[in-house]
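See structure below.
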Amino acid sequence: MNEFQKETVTKLVYTFAQRANITNQDQIYDTINKLCSMNISDSIDAILVSLNDLLNRKMITEEDIFANVESIIKLNPEQYTSVNDLIARLNWIKGMNMEHPNMPLTENHQLVIDAFDEFNALIEGRFDCYYTGGLMGYLATNHVLERYHGDLDLFINEQQLITLKDLIDSSADFEFISNMAHKEVNGHEYKIVYKGTPMSIGLFLFERQPDNSITTKEYYFENQNGSKQLFVDEHHFSKDYTDMSFSNLIRYHNGIPYKMMSLESIYNSKKNSRPKDRYDARIIKDDVDMMIDYKLDVERKNNFTINRKAISKSVIHRVEELMQEQKNNDYNETSVKKM
């Protein structure tokens, strides 16, 4: 951010603080410093959201905003040329659920790419796994990142889960975390946190069948007569569905290999979902084979049955045992150091 932009941001903050009757000087200084430390695009996003919040709380009026809208436009005239551009941007932010992100958008994009590259460099293509989710559509079509990405999603063969955990435990940059203590039917059994940041890789588990088709697994504990019983929901995909959805094409990002779900599968899962998912789907639509998308619709209807069963022995039990052993060892080591 250049000096003109910093000066303009400072004036805007003081102007709207006065309009909203905000007199806490520490709050005003903190807001100015935060906005001026951001990339200019992130700063404008934050200003638009803050003004919308103040408007909704009736602390300022629309007239207050329109009286100062030219100053906001001048912050980045190459990106915004009119009040309609700013309104469209605010509506897009709201539609993407990005009004109050954990970090500025530019920082988020850098973080998700760093986590993606470093994790791929760590696993070195040695695992039976496939990325899924919105980020993959952007990367596969070389489209610039636009929205906020909360995490990465990875399907992995459950037979390799312990091997992956051992690898993560040997890394200084990643931490293997269990969600099993509070997980319900949906969600990730495990996630891999990157450098203690809000960015993580959430794991979806599957079993590889003899014909190379895939059965996805959803594990969760339920209390049965006072004891915790492990259940699994199994969803078997036909060989045709598996071949259309789980692509074995080796892709590269920054020279590092990875595999992902097919674009058709990602598009198919997003096209009728949440606003941010439909937005992702529109971005990759031109690169999608619509005949495969149609076949996936048909296969989904024919592969809807989920088999639910209780299990007494599984890879989940073993992983949980290993994690408890680690906790006990850490506790013992801490106790010894305190003696």
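Identifiers for the structure tokens are assigned positionally: chains receive A, B, ... in sequence, residues are indexed from 1 per chain, and ligands are indexed from 1 in the order shown.
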
Using only C-alpha atoms, determine which residues lie at most 8 Å from range 262-265 of chain A, disregarding the query and same-chain residues fewer than 3 positions distant; provide the list as a ChimeraX atom specification.
/A:137,140,244-247,268-269,284,287-290,292-293,296

Close residues, Met261 in chain A itself excluded, 12 Å, only C-alpha atoms, min 4 positions apart in chain, as a PyMOL selection string
chain A and resi 129-137+140+153-156+241-251+265-269

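The shortest atom-to-atom distance to Asp151 in chain A, with only C-alpha atoms taken into account, belongs to A:Asn108 out of A:Asn21, A:Asn302, A:Asn108, A:Ser273.
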
Please report the interatomic distance between CA of Val232 in chain A and CA of Asn120 in chain A in Å with one decimal.
28.5 Å

Identify, with DSSP run on backbone atoms, the residues in range 94-249 of chain A assigned to helix (DSSP H, G or I), and express the list as a ChimeraX atom specification.
/A:94-95,105-123,134-140,158-169,239-245

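Comparing the minimum interatomic distances between Ala121 in chain A and each of A:Met98, A:Leu230, A:Val185, A:Leu167, counting only C-alpha atoms, we find that A:Leu167 sits nearest.
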
Using only C-alpha atoms, can you tell me which of A:Thr61, A:Asn272, A:Ser41, A:Pro101 comes closest to Asp297 in chain A?
A:Asn272
